[in-house]
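Participant: my_file35.pdb is the file, holding PDB, C-alpha atoms, pLDDT in the B column:
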```pdb
ATOM      1  CA  MET Y1042       0.000   0.000   0.000  1.00 56.00           C
ATOM      2  CA  ASP Y1043       2.894   2.384   0.768  1.00 60.00           C
ATOM      3  CA  ILE Y1044       4.523   1.747  -2.609  1.00 58.00           C
ATOM      4  CA  GLU Y1045       1.216   2.166  -4.462  1.00 61.00           C
ATOM      5  CA  ARG Y1046       0.596   5.521  -2.777  1.00 60.00           C
ATOM      6  CA  TYR Y1047       4.118   6.659  -3.607  1.00 58.00           C
ATOM      7  CA  GLN Y1048       3.538   5.670  -7.248  1.00 56.00           C
ATOM      8  CA  GLN Y1049       0.344   7.791  -7.281  1.00 59.00           C
ATOM      9  CA  PHE Y1050       2.276  10.807  -5.973  1.00 57.00           C
ATOM     10  CA  ILE Y1051       4.817  10.567  -8.762  1.00 57.00           C
ATOM     11  CA  GLY Y1052       2.078  10.185 -11.370  1.00 63.00           C
ATOM     12  CA  ARG Y1053       2.237   6.509 -12.266  1.00 63.00           C
ATOM     13  CA  ALA Y1054      -1.113   4.729 -12.535  1.00 62.00           C
ATOM     14  CA  GLU Y1055       0.029   1.324 -13.798  1.00 66.00           C
ATOM     15  CA  PRO Y1056       0.643  -1.585 -11.400  1.00 67.00           C
ATOM     16  CA  VAL Y1057       4.048  -1.719  -9.753  1.00 63.00           C
ATOM     17  CA  SER Y1058       6.471  -4.143 -11.408  1.00 69.00           C
ATOM     18  CA  THR Y1059       9.103  -6.069  -9.468  1.00 73.00           C
ATOM     19  CA  PHE Y1060      11.799  -3.761 -10.817  1.00 75.00           C
ATOM     20  CA  GLY Y1061       9.666  -0.737  -9.933  1.00 67.00           C
ATOM     21  CA  LEU Y1062       9.211  -2.066  -6.408  1.00 68.00           C
ATOM     22  CA  ILE Y1063      12.948  -2.529  -5.911  1.00 74.00           C
ATOM     23  CA  LYS Y1064      13.694   0.858  -7.469  1.00 71.00           C
ATOM     24  CA  SER Y1065      11.126   2.571  -5.217  1.00 68.00           C
ATOM     25  CA  CYS Y1066      12.656   1.005  -2.109  1.00 68.00           C
ATOM     26  CA  PHE Y1067      15.866   2.970  -2.780  1.00 74.00           C
ATOM     27  CA  ASN Y1068      14.131   6.302  -3.371  1.00 75.00           C
ATOM     28  CA  PRO Y1069      14.785   8.768  -0.502  1.00 77.00           C
ATOM     29  CA  ARG Y1070      11.032   9.319  -0.127  1.00 78.00           C
ATOM     30  CA  MET Y1071      10.227   5.609   0.100  1.00 83.00           C
ATOM     31  CA  ALA Y1072      13.321   4.082   1.730  1.00 88.00           C
ATOM     32  CA  PRO Y1073      12.535   5.520   5.198  1.00 91.00           C
ATOM     33  CA  VAL Y1074       9.081   3.920   5.030  1.00 90.00           C
ATOM     34  CA  VAL Y1075      10.687   0.599   4.062  1.00 89.00           C
ATOM     35  CA  LEU Y1076      13.008   0.834   7.079  1.00 93.00           C
ATOM     36  CA  ILE Y1077      10.027   1.657   9.335  1.00 93.00           C
ATOM     37  CA  ARG Y1078       8.173  -1.395   7.991  1.00 90.00           C
ATOM     38  CA  LEU Y1079      11.206  -3.628   8.538  1.00 93.00           C
ATOM     39  CA  SER Y1080      11.518  -2.347  12.097  1.00 94.00           C
ATOM     40  CA  GLU Y1081       7.798  -3.032  12.716  1.00 92.00           C
ATOM     41  CA  PHE Y1082       8.144  -6.511  11.196  1.00 93.00           C
ATOM     42  CA  PHE Y1083      11.021  -7.560  13.424  1.00 96.00           C
ATOM     43  CA  PHE Y1084       9.538  -5.946  16.542  1.00 94.00           C
ATOM     44  CA  SER Y1085       6.248  -7.823  16.054  1.00 93.00           C
ATOM     45  CA  ARG Y1086       8.238 -11.066  15.917  1.00 95.00           C
ATOM     46  CA  ARG Y1087      10.063 -10.219  19.157  1.00 95.00           C
ATOM     47  CA  LEU Y1088      13.369  -9.647  17.382  1.00 95.00           C
ATOM     48  CA  SER Y1089      13.951  -6.296  19.052  1.00 92.00           C
ATOM     49  CA  MET Y1090      17.669  -6.077  18.238  1.00 95.00           C
ATOM     50  CA  LEU Y1091      16.935  -6.247  14.507  1.00 95.00           C
ATOM     51  CA  ALA Y1092      14.077  -3.757  14.940  1.00 95.00           C
ATOM     52  CA  LYS Y1093      16.467  -1.398  16.750  1.00 94.00           C
ATOM     53  CA  PHE Y1094      19.026  -1.815  13.950  1.00 96.00           C
ATOM     54  CA  PHE Y1095      16.546  -0.599  11.299  1.00 95.00           C
ATOM     55  CA  THR Y1096      15.312   2.215  13.549  1.00 94.00           C
ATOM     56  CA  THR Y1097      18.886   3.382  14.119  1.00 95.00           C
ATOM     57  CA  ALA Y1098      19.650   3.140  10.397  1.00 95.00           C
ATOM     58  CA  ASN Y1099      16.641   5.372   9.699  1.00 94.00           C
ATOM     59  CA  VAL Y1100      17.912   7.987  12.170  1.00 94.00           C
ATOM     60  CA  ALA Y1101      21.450   7.890  10.791  1.00 95.00           C
ATOM     61  CA  ILE Y1102      20.562   7.916   7.087  1.00 93.00           C
ATOM     62  CA  PHE Y1103      17.300   9.872   6.860  1.00 92.00           C
ATOM     63  CA  GLY Y1104      17.053  11.774  10.156  1.00 92.00           C
ATOM     64  CA  ILE Y1105      13.696  10.257  11.124  1.00 93.00           C
ATOM     65  CA  GLU Y1106      13.085   8.630  14.479  1.00 92.00           C
ATOM     66  CA  SER Y1107      10.206   6.170  14.677  1.00 91.00           C
ATOM     67  CA  SER Y1108       9.621   3.671  17.442  1.00 90.00           C
ATOM     68  CA  PRO Y1109       8.804   0.169  16.195  1.00 91.00           C
ATOM     69  CA  GLN Y1110       5.963   0.195  18.760  1.00 91.00           C
ATOM     70  CA  VAL Y1111       4.003   2.830  16.808  1.00 92.00           C
ATOM     71  CA  ARG Y1112       1.143   1.221  14.872  1.00 93.00           C
ATOM     72  CA  ILE Y1113       1.254   2.773  11.402  1.00 93.00           C
ATOM     73  CA  GLY Y1114      -1.426   2.168   8.768  1.00 92.00           C
ATOM     74  CA  GLY Y1115      -0.720   1.644   5.093  1.00 88.00           C
ATOM     75  CA  GLY Y1116      -0.088   4.446   2.642  1.00 87.00           C
ATOM     76  CA  LEU Y1117       2.358   6.407   4.816  1.00 91.00           C
ATOM     77  CA  PHE Y1118       4.042   9.142   2.752  1.00 90.00           C
ATOM     78  CA  LEU Y1119       7.155  10.974   3.973  1.00 91.00           C
ATOM     79  CA  PRO Y1120       8.287  13.383   1.230  1.00 88.00           C
ATOM     80  CA  HIS Y1121      11.075  14.800   3.449  1.00 87.00           C
ATOM     81  CA  THR Y1122      12.172  13.173   6.697  1.00 85.00           C
ATOM     82  CA  VAL Y1123      14.924  15.180   8.380  1.00 89.00           C
ATOM     83  CA  GLY Y1124      14.102  16.064  11.975  1.00 90.00           C
ATOM     84  CA  THR Y1125      10.905  14.003  12.102  1.00 93.00           C
ATOM     85  CA  VAL Y1126       9.974  12.115  15.287  1.00 94.00           C
ATOM     86  CA  LEU Y1127       7.127   9.585  15.166  1.00 94.00           C
ATOM     87  CA  GLY Y1128       6.297   8.795  18.779  1.00 90.00           C
ATOM     88  CA  ALA Y1129       2.534   8.354  18.481  1.00 91.00           C
ATOM     89  CA  GLU Y1130       0.386   5.497  19.693  1.00 92.00           C
ATOM     90  CA  ARG Y1131      -1.133   5.051  16.240  1.00 94.00           C
ATOM     91  CA  ILE Y1132      -0.851   6.678  12.820  1.00 96.00           C
ATOM     92  CA  GLY Y1133      -3.767   5.929  10.491  1.00 95.00           C
ATOM     93  CA  GLU Y1134      -3.848   5.005   6.822  1.00 94.00           C
ATOM     94  CA  TYR Y1135      -2.846   7.377   4.013  1.00 92.00           C
ATOM     95  CA  VAL Y1136      -1.131   9.893   6.293  1.00 95.00           C
ATOM     96  CA  THR Y1137       1.330  12.437   4.871  1.00 94.00           C
ATOM     97  CA  ILE Y1138       4.017  13.696   7.241  1.00 95.00           C
ATOM     98  CA  LEU Y1139       6.322  16.511   6.147  1.00 94.00           C
ATOM     99  CA  GLN Y1140       9.781  17.341   7.513  1.00 93.00           C
ATOM    100  CA  GLY Y1141      10.391  18.338  11.099  1.00 95.00           C
ATOM    101  CA  VAL Y1142       7.125  16.943  12.488  1.00 96.00           C
ATOM    102  CA  THR Y1143       7.129  15.759  16.104  1.00 95.00           C
ATOM    103  CA  LEU Y1144       4.523  13.365  17.478  1.00 95.00           C
ATOM    104  CA  GLY Y1145       5.262  12.735  21.127  1.00 91.00           C
ATOM    105  CA  THR Y1146       4.609  13.114  24.823  1.00 90.00           C
ATOM    106  CA  VAL Y1147       4.529  16.182  27.042  1.00 87.00           C
ATOM    107  CA  GLU Y1148       7.256  14.785  29.302  1.00 84.00           C
ATOM    108  CA  PRO Y1149      10.169  12.422  28.628  1.00 82.00           C
ATOM    109  CA  ASP Y1150       8.932   8.837  28.383  1.00 75.00           C
ATOM    110  CA  ASN Y1151      11.632   6.198  28.058  1.00 78.00           C
ATOM    111  CA  GLY Y1152       9.185   3.301  28.427  1.00 77.00           C
ATOM    112  CA  PHE Y1153       6.840   4.214  25.534  1.00 80.00           C
ATOM    113  CA  THR Y1154       3.691   4.666  27.635  1.00 83.00           C
ATOM    114  CA  VAL Y1155       0.883   4.410  25.073  1.00 82.00           C
ATOM    115  CA  SER Y1156      -1.607   6.435  27.136  1.00 85.00           C
ATOM    116  CA  LEU Y1157       0.646   9.532  26.877  1.00 90.00           C
ATOM    117  CA  ARG Y1158       0.970   9.537  23.084  1.00 93.00           C
ATOM    118  CA  PRO Y1159      -1.029  11.130  20.258  1.00 96.00           C
ATOM    119  CA  VAL Y1160      -3.387   9.221  17.956  1.00 96.00           C
ATOM    120  CA  ILE Y1161      -3.446  10.272  14.294  1.00 97.00           C
ATOM    121  CA  GLY Y1162      -6.504   9.437  12.157  1.00 96.00           C
ATOM    122  CA  ASN Y1163      -6.730   8.380   8.500  1.00 96.00           C
ATOM    123  CA  HIS Y1164      -5.969  10.688   5.531  1.00 94.00           C
ATOM    124  CA  VAL Y1165      -4.298  13.287   7.780  1.00 95.00           C
ATOM    125  CA  VAL Y1166      -1.703  15.796   6.535  1.00 95.00           C
ATOM    126  CA  LEU Y1167       0.871  17.044   9.044  1.00 97.00           C
ATOM    127  CA  GLY Y1168       2.608  20.209   7.796  1.00 96.00           C
ATOM    128  CA  ALA Y1169       6.316  20.921   8.056  1.00 96.00           C
ATOM    129  CA  GLY Y1170       7.471  21.524  11.618  1.00 95.00           C
ATOM    130  CA  ALA Y1171       4.118  20.649  13.201  1.00 97.00           C
ATOM    131  CA  LYS Y1172       4.187  19.432  16.798  1.00 97.00           C
ATOM    132  CA  VAL Y1173       1.451  17.172  18.179  1.00 97.00           C
ATOM    133  CA  ILE Y1174       2.183  16.802  21.861  1.00 95.00           C
ATOM    134  CA  GLY Y1175       0.495  14.679  24.550  1.00 93.00           C
ATOM    135  CA  ARG Y1176      -2.611  12.504  24.465  1.00 94.00           C
ATOM    136  CA  VAL Y1177      -4.189  14.303  21.509  1.00 96.00           C
ATOM    137  CA  THR Y1178      -6.441  12.780  18.849  1.00 96.00           C
ATOM    138  CA  ILE Y1179      -6.278  14.096  15.291  1.00 96.00           C
ATOM    139  CA  GLY Y1180      -9.491  13.208  13.437  1.00 94.00           C
ATOM    140  CA  ASP Y1181      -9.754  11.703   9.958  1.00 93.00           C
ATOM    141  CA  TYR Y1182      -9.035  14.041   7.011  1.00 93.00           C
ATOM    142  CA  ALA Y1183      -7.671  16.742   9.347  1.00 94.00           C
ATOM    143  CA  LYS Y1184      -4.815  19.013   8.309  1.00 95.00           C
ATOM    144  CA  ILE Y1185      -2.238  20.438  10.667  1.00 96.00           C
ATOM    145  CA  GLY Y1186      -0.547  23.594   9.375  1.00 95.00           C
ATOM    146  CA  ALA Y1187       3.184  24.183   9.235  1.00 95.00           C
ATOM    147  CA  ASN Y1188       4.763  24.849  12.649  1.00 96.00           C
ATOM    148  CA  ALA Y1189       1.439  24.434  14.488  1.00 96.00           C
ATOM    149  CA  VAL Y1190       1.683  23.231  18.080  1.00 97.00           C
ATOM    150  CA  VAL Y1191      -1.304  20.976  18.738  1.00 97.00           C
ATOM    151  CA  LEU Y1192      -2.137  20.458  22.414  1.00 96.00           C
ATOM    152  CA  LYS Y1193      -5.870  19.680  22.079  1.00 95.00           C
ATOM    153  CA  ASP Y1194      -7.907  17.253  19.969  1.00 94.00           C
ATOM    154  CA  VAL Y1195      -8.549  18.197  16.345  1.00 93.00           C
ATOM    155  CA  PRO Y1196     -11.904  17.012  14.936  1.00 92.00           C
ATOM    156  CA  ALA Y1197     -12.277  15.283  11.577  1.00 92.00           C
ATOM    157  CA  HIS Y1198     -12.140  17.482   8.443  1.00 93.00           C
ATOM    158  CA  ALA Y1199     -10.639  20.393  10.406  1.00 93.00           C
ATOM    159  CA  LEU Y1200      -7.569  22.546   9.942  1.00 93.00           C
ATOM    160  CA  ALA Y1201      -5.371  23.426  12.924  1.00 94.00           C
ATOM    161  CA  VAL Y1202      -2.929  26.347  12.652  1.00 95.00           C
ATOM    162  CA  GLY Y1203      -0.843  28.504  14.956  1.00 94.00           C
ATOM    163  CA  VAL Y1204       0.927  28.353  18.301  1.00 93.00           C
ATOM    164  CA  PRO Y1205      -0.933  27.065  20.206  1.00 95.00           C
ATOM    165  CA  ALA Y1206      -3.022  25.622  17.398  1.00 94.00           C
ATOM    166  CA  ARG Y1207      -6.450  27.098  16.702  1.00 94.00           C
ATOM    167  CA  ILE Y1208      -8.955  24.839  15.023  1.00 90.00           C
ATOM    168  CA  ILE Y1209     -10.645  26.041  11.866  1.00 86.00           C
ATOM    169  CA  LEU Y1210     -13.687  24.040  10.772  1.00 74.00           C
ATOM    170  CA  ARG Y1211     -14.796  23.793   7.161  1.00 65.00           C
ATOM    171  CA  THR Y1212     -18.539  23.749   6.669  1.00 49.00           C
ATOM    172  CA  ASN Y1213     -20.419  22.063   3.819  1.00 49.00           C
ATOM    173  CA  ALA Y1214     -21.120  25.463   2.230  1.00 45.00           C
ATOM    174  CA  GLY Y1215     -17.395  26.062   1.819  1.00 50.00           C
ATOM    175  CA  ASN Y1216     -17.349  28.758   4.500  1.00 55.00           C
ATOM    176  CA  VAL Y1217     -14.518  28.728   7.000  1.00 58.00           C
ATOM    177  CA  GLN Y1218     -15.222  29.298  10.683  1.00 60.00           C
ATOM    178  CA  GLU Y1219     -12.824  29.650  13.570  1.00 62.00           C
ATOM    179  CA  LYS Y1220     -13.677  27.456  16.546  1.00 61.00           C
ATOM    180  CA  ASN Y1221     -12.900  28.958  19.950  1.00 56.00           C
TER     181      ASN Y1221
END
```
Starting from the file, give its structure as structure tokens.
Facilitator:
Amino acid sequence: MDIERYQQFIGRAEPVSTFGLIKSCFNPRMAPVVLIRLSEFFFSRRLSMLAKFFTTANVAIFGIESSPQVRIGGGLFLPHTVGTVLGAERIGEYVTILQGVTLGTVEPDNGFTVSLRPVIGNHVVLGAGAKVIGRVTIGDYAKIGANAVVLKDVPAHALAVGVPARIILRTNAGNVQEKN
């Protein structure tokens, strides 16, 4: 699913060939996702040393830190990864995360306490430099603006911008309202 979504972004509609799959795995936009998936794979099979190896490789090569304990849905797209920290409980399907995004806890948490971490819905876009901190839920189809600091839940189909983030709801009529 990740490879198919990447192919859509680069404008290819045909099915992915074996050569195309291998080629995509070495692309700097897809390789970090491959390393995240390998880390998840080994962690789920209780091979934590191998999971840690792929996590560390991702930090060293692409500048993205992602715990193998994060549950990440298919279709993850990371166009730029430097400075990105994925410390959420769950990241939904078809999520786009731009550079410098931080998903994490309010306080240091060395034990990966799930109840302290954000939950990201499906089809969410997290803008460059966005910070989602604490036990926050981002609803499906929400968008988080660049450099926003999200400390409260964001409902589905909403846009959050600013520091601290303000939530802007989009109505069916196309009007934009600010929610206090």
Participant: Could you list, as a list in words, every residue matched by the PyMOL selection byres ((chain Y and resi 1166) around 10) in this structure?
Facilitator: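 The output of the PyMOL selection byres ((chain Y and resi 1166) around 10) on this file is Phe1118, Tyr1135, Val1136, Thr1137, Ile1138, Leu1139, Ile1161, Gly1162, Asn1163, His1164, Val1165, Leu1167, Gly1168, Ala1169, Asp1181, Tyr1182, Ala1183, Lys1184, Ile1185, Gly1186 and Leu1200 of chain Y.
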Participant: Can you tell me, as a PDB file with C-alpha atoms, in the frame of the given file, what residues are no more than 10 Å from range 1095-1104 of chain Y when counting all atoms listed in the file, ignoring any on the same chain fewer than 3 positions away?
Facilitator:
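Written output follows (around.pdb):
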```pdb
ATOM      1  CA  PRO Y1069      14.785   8.768  -0.502  1.00 77.00           C
ATOM      2  CA  ARG Y1070      11.032   9.319  -0.127  1.00 78.00           C
ATOM      3  CA  ALA Y1072      13.321   4.082   1.730  1.00 88.00           C
ATOM      4  CA  PRO Y1073      12.535   5.520   5.198  1.00 91.00           C
ATOM      5  CA  VAL Y1074       9.081   3.920   5.030  1.00 90.00           C
ATOM      6  CA  VAL Y1075      10.687   0.599   4.062  1.00 89.00           C
ATOM      7  CA  LEU Y1076      13.008   0.834   7.079  1.00 93.00           C
ATOM      8  CA  ILE Y1077      10.027   1.657   9.335  1.00 93.00           C
ATOM      9  CA  ARG Y1078       8.173  -1.395   7.991  1.00 90.00           C
ATOM     10  CA  LEU Y1079      11.206  -3.628   8.538  1.00 93.00           C
ATOM     11  CA  SER Y1080      11.518  -2.347  12.097  1.00 94.00           C
ATOM     12  CA  GLU Y1081       7.798  -3.032  12.716  1.00 92.00           C
ATOM     13  CA  PHE Y1083      11.021  -7.560  13.424  1.00 96.00           C
ATOM     14  CA  SER Y1089      13.951  -6.296  19.052  1.00 92.00           C
ATOM     15  CA  MET Y1090      17.669  -6.077  18.238  1.00 95.00           C
ATOM     16  CA  LEU Y1091      16.935  -6.247  14.507  1.00 95.00           C
ATOM     17  CA  ALA Y1092      14.077  -3.757  14.940  1.00 95.00           C
ATOM     18  CA  SER Y1107      10.206   6.170  14.677  1.00 91.00           C
ATOM     19  CA  SER Y1108       9.621   3.671  17.442  1.00 90.00           C
ATOM     20  CA  PRO Y1109       8.804   0.169  16.195  1.00 91.00           C
ATOM     21  CA  HIS Y1121      11.075  14.800   3.449  1.00 87.00           C
ATOM     22  CA  THR Y1122      12.172  13.173   6.697  1.00 85.00           C
ATOM     23  CA  VAL Y1123      14.924  15.180   8.380  1.00 89.00           C
ATOM     24  CA  GLY Y1124      14.102  16.064  11.975  1.00 90.00           C
ATOM     25  CA  THR Y1125      10.905  14.003  12.102  1.00 93.00           C
ATOM     26  CA  VAL Y1126       9.974  12.115  15.287  1.00 94.00           C
ATOM     27  CA  GLN Y1140       9.781  17.341   7.513  1.00 93.00           C
ATOM     28  CA  GLY Y1141      10.391  18.338  11.099  1.00 95.00           C
TER      29      GLY Y1141
END
```
Participant: Which residue out of Y:Gly1128, Y:Gly1180, Y:Pro1196, Y:Pro1120 has the minimum interatomic distance to Asn1151 in chain Y when all atoms listed in the file are used?
Facilitator: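 Looking at the shortest contact to Asn1151 in chain Y, the residue is Y:Gly1128.
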Participant: So which residues get picked by the PyMOL selection byres ((chain Y and resi 1160) around 9) here, written as a PDB file with C-alpha atoms, in the coordinates of the input?
Facilitator:
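Printed below is part06.pdb as written:
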```pdb
ATOM      1  CA  ALA Y1129       2.534   8.354  18.481  1.00 91.00           C
ATOM      2  CA  GLU Y1130       0.386   5.497  19.693  1.00 92.00           C
ATOM      3  CA  ARG Y1131      -1.133   5.051  16.240  1.00 94.00           C
ATOM      4  CA  ILE Y1132      -0.851   6.678  12.820  1.00 96.00           C
ATOM      5  CA  GLY Y1133      -3.767   5.929  10.491  1.00 95.00           C
ATOM      6  CA  LEU Y1144       4.523  13.365  17.478  1.00 95.00           C
ATOM      7  CA  ARG Y1158       0.970   9.537  23.084  1.00 93.00           C
ATOM      8  CA  PRO Y1159      -1.029  11.130  20.258  1.00 96.00           C
ATOM      9  CA  ILE Y1161      -3.446  10.272  14.294  1.00 97.00           C
ATOM     10  CA  GLY Y1162      -6.504   9.437  12.157  1.00 96.00           C
ATOM     11  CA  ARG Y1176      -2.611  12.504  24.465  1.00 94.00           C
ATOM     12  CA  VAL Y1177      -4.189  14.303  21.509  1.00 96.00           C
ATOM     13  CA  THR Y1178      -6.441  12.780  18.849  1.00 96.00           C
ATOM     14  CA  ILE Y1179      -6.278  14.096  15.291  1.00 96.00           C
ATOM     15  CA  GLY Y1180      -9.491  13.208  13.437  1.00 94.00           C
TER      16      GLY Y1180
END
```
Participant: Under the rule that only C-alpha atoms are counted, which of Y:Ala1187, Y:Lys1193, Y:Gly1152, Y:Phe1084 is the nearest residue to Gly1175 in chain Y?
Facilitator: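 Of the candidates, the smallest distance to Gly1175 in chain Y is held by Y:Lys1193.
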Participant: Considering only C-alpha atoms, state which residue in the set Y:Ile1209, Y:Met1071, Y:Val1155, Y:Val1142 is at the smallest distance from Leu1119 in chain Y.
Facilitator: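 The answer is Y:Met1071, which sits nearest to Leu1119 in chain Y.
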Participant: For the provided coordinates, the residues matched by the PyMOL selection byres ((chain Y and resi 1114) around 6) should be stated as a list in words.
Facilitator: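 Here the PyMOL selection byres ((chain Y and resi 1114) around 6) matches Ile1113, Gly1115, Gly1133 and Glu1134 of chain Y.
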Participant: Could you pull out every residue with an atom within 8 Å of (-4.2, 26.4, 20.2), file coordinates, counting all atoms listed in the file, and send them as a list in words?
Facilitator: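 Output of the proximity query reads Val1190, Val1191, Leu1192, Lys1193, Ala1201, Val1202, Gly1203, Val1204, Pro1205, Ala1206, Arg1207 and Ile1208 of chain Y.
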Participant: Would you kindly place N, CA, C and O atoms on range 1128-1145 of chain Y and return the model as a compact mmCIF listing (two decimals), keeping the file's coordinate frame?
Facilitator:
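Result saved to result-v1.txt:
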```
# COMPACT_ATOMS: atom_id res chain seq x y z
N GLY Y 1128 6.46 9.44 17.49
CA GLY Y 1128 6.30 8.80 18.78
C GLY Y 1128 4.84 8.73 19.17
O GLY Y 1128 4.49 8.99 20.31
N ALA Y 1129 3.97 8.42 18.23
CA ALA Y 1129 2.53 8.35 18.48
C ALA Y 1129 2.14 6.95 18.91
O ALA Y 1129 2.91 6.00 18.76
N GLU Y 1130 0.93 6.83 19.43
CA GLU Y 1130 0.39 5.50 19.69
C GLU Y 1130 0.03 4.83 18.37
O GLU Y 1130 0.35 3.67 18.14
N ARG Y 1131 -0.67 5.59 17.51
CA ARG Y 1131 -1.13 5.05 16.24
C ARG Y 1131 -1.15 6.15 15.19
O ARG Y 1131 -1.52 7.28 15.48
N ILE Y 1132 -0.76 5.80 13.98
CA ILE Y 1132 -0.85 6.68 12.82
C ILE Y 1132 -1.72 5.94 11.81
O ILE Y 1132 -1.43 4.80 11.45
N GLY Y 1133 -2.79 6.58 11.36
CA GLY Y 1133 -3.77 5.93 10.49
C GLY Y 1133 -3.26 5.68 9.08
O GLY Y 1133 -2.08 5.87 8.76
N GLU Y 1134 -4.18 5.29 8.22
CA GLU Y 1134 -3.85 5.00 6.82
C GLU Y 1134 -3.81 6.29 6.00
O GLU Y 1134 -4.53 7.24 6.27
N TYR Y 1135 -2.97 6.28 4.97
CA TYR Y 1135 -2.85 7.38 4.01
C TYR Y 1135 -2.53 8.71 4.69
O TYR Y 1135 -3.13 9.73 4.39
N VAL Y 1136 -1.57 8.68 5.59
CA VAL Y 1136 -1.13 9.89 6.29
C VAL Y 1136 0.12 10.43 5.60
O VAL Y 1136 1.01 9.68 5.22
N THR Y 1137 0.16 11.76 5.43
CA THR Y 1137 1.33 12.44 4.87
C THR Y 1137 1.98 13.24 5.99
O THR Y 1137 1.32 14.04 6.64
N ILE Y 1138 3.27 13.01 6.19
CA ILE Y 1138 4.02 13.70 7.24
C ILE Y 1138 5.21 14.40 6.60
O ILE Y 1138 6.07 13.75 6.01
N LEU Y 1139 5.24 15.73 6.72
CA LEU Y 1139 6.32 16.51 6.15
C LEU Y 1139 7.48 16.63 7.13
O LEU Y 1139 7.39 16.17 8.27
N GLN Y 1140 8.56 17.29 6.71
CA GLN Y 1140 9.78 17.34 7.51
C GLN Y 1140 9.59 18.10 8.83
O GLN Y 1140 8.79 19.00 8.94
N GLY Y 1141 10.36 17.66 9.82
CA GLY Y 1141 10.39 18.34 11.10
C GLY Y 1141 9.18 18.14 11.99
O GLY Y 1141 9.03 18.84 12.98
N VAL Y 1142 8.32 17.20 11.68
CA VAL Y 1142 7.12 16.94 12.49
C VAL Y 1142 7.52 16.15 13.73
O VAL Y 1142 8.34 15.24 13.66
N THR Y 1143 6.92 16.51 14.86
CA THR Y 1143 7.13 15.76 16.10
C THR Y 1143 5.79 15.28 16.62
O THR Y 1143 4.87 16.08 16.80
N LEU Y 1144 5.68 13.98 16.83
CA LEU Y 1144 4.52 13.36 17.48
C LEU Y 1144 5.06 12.74 18.75
O LEU Y 1144 5.84 11.79 18.68
N GLY Y 1145 4.68 13.27 19.91
CA GLY Y 1145 5.26 12.74 21.13
C GLY Y 1145 4.53 13.12 22.39
O GLY Y 1145 3.42 13.64 22.36
```
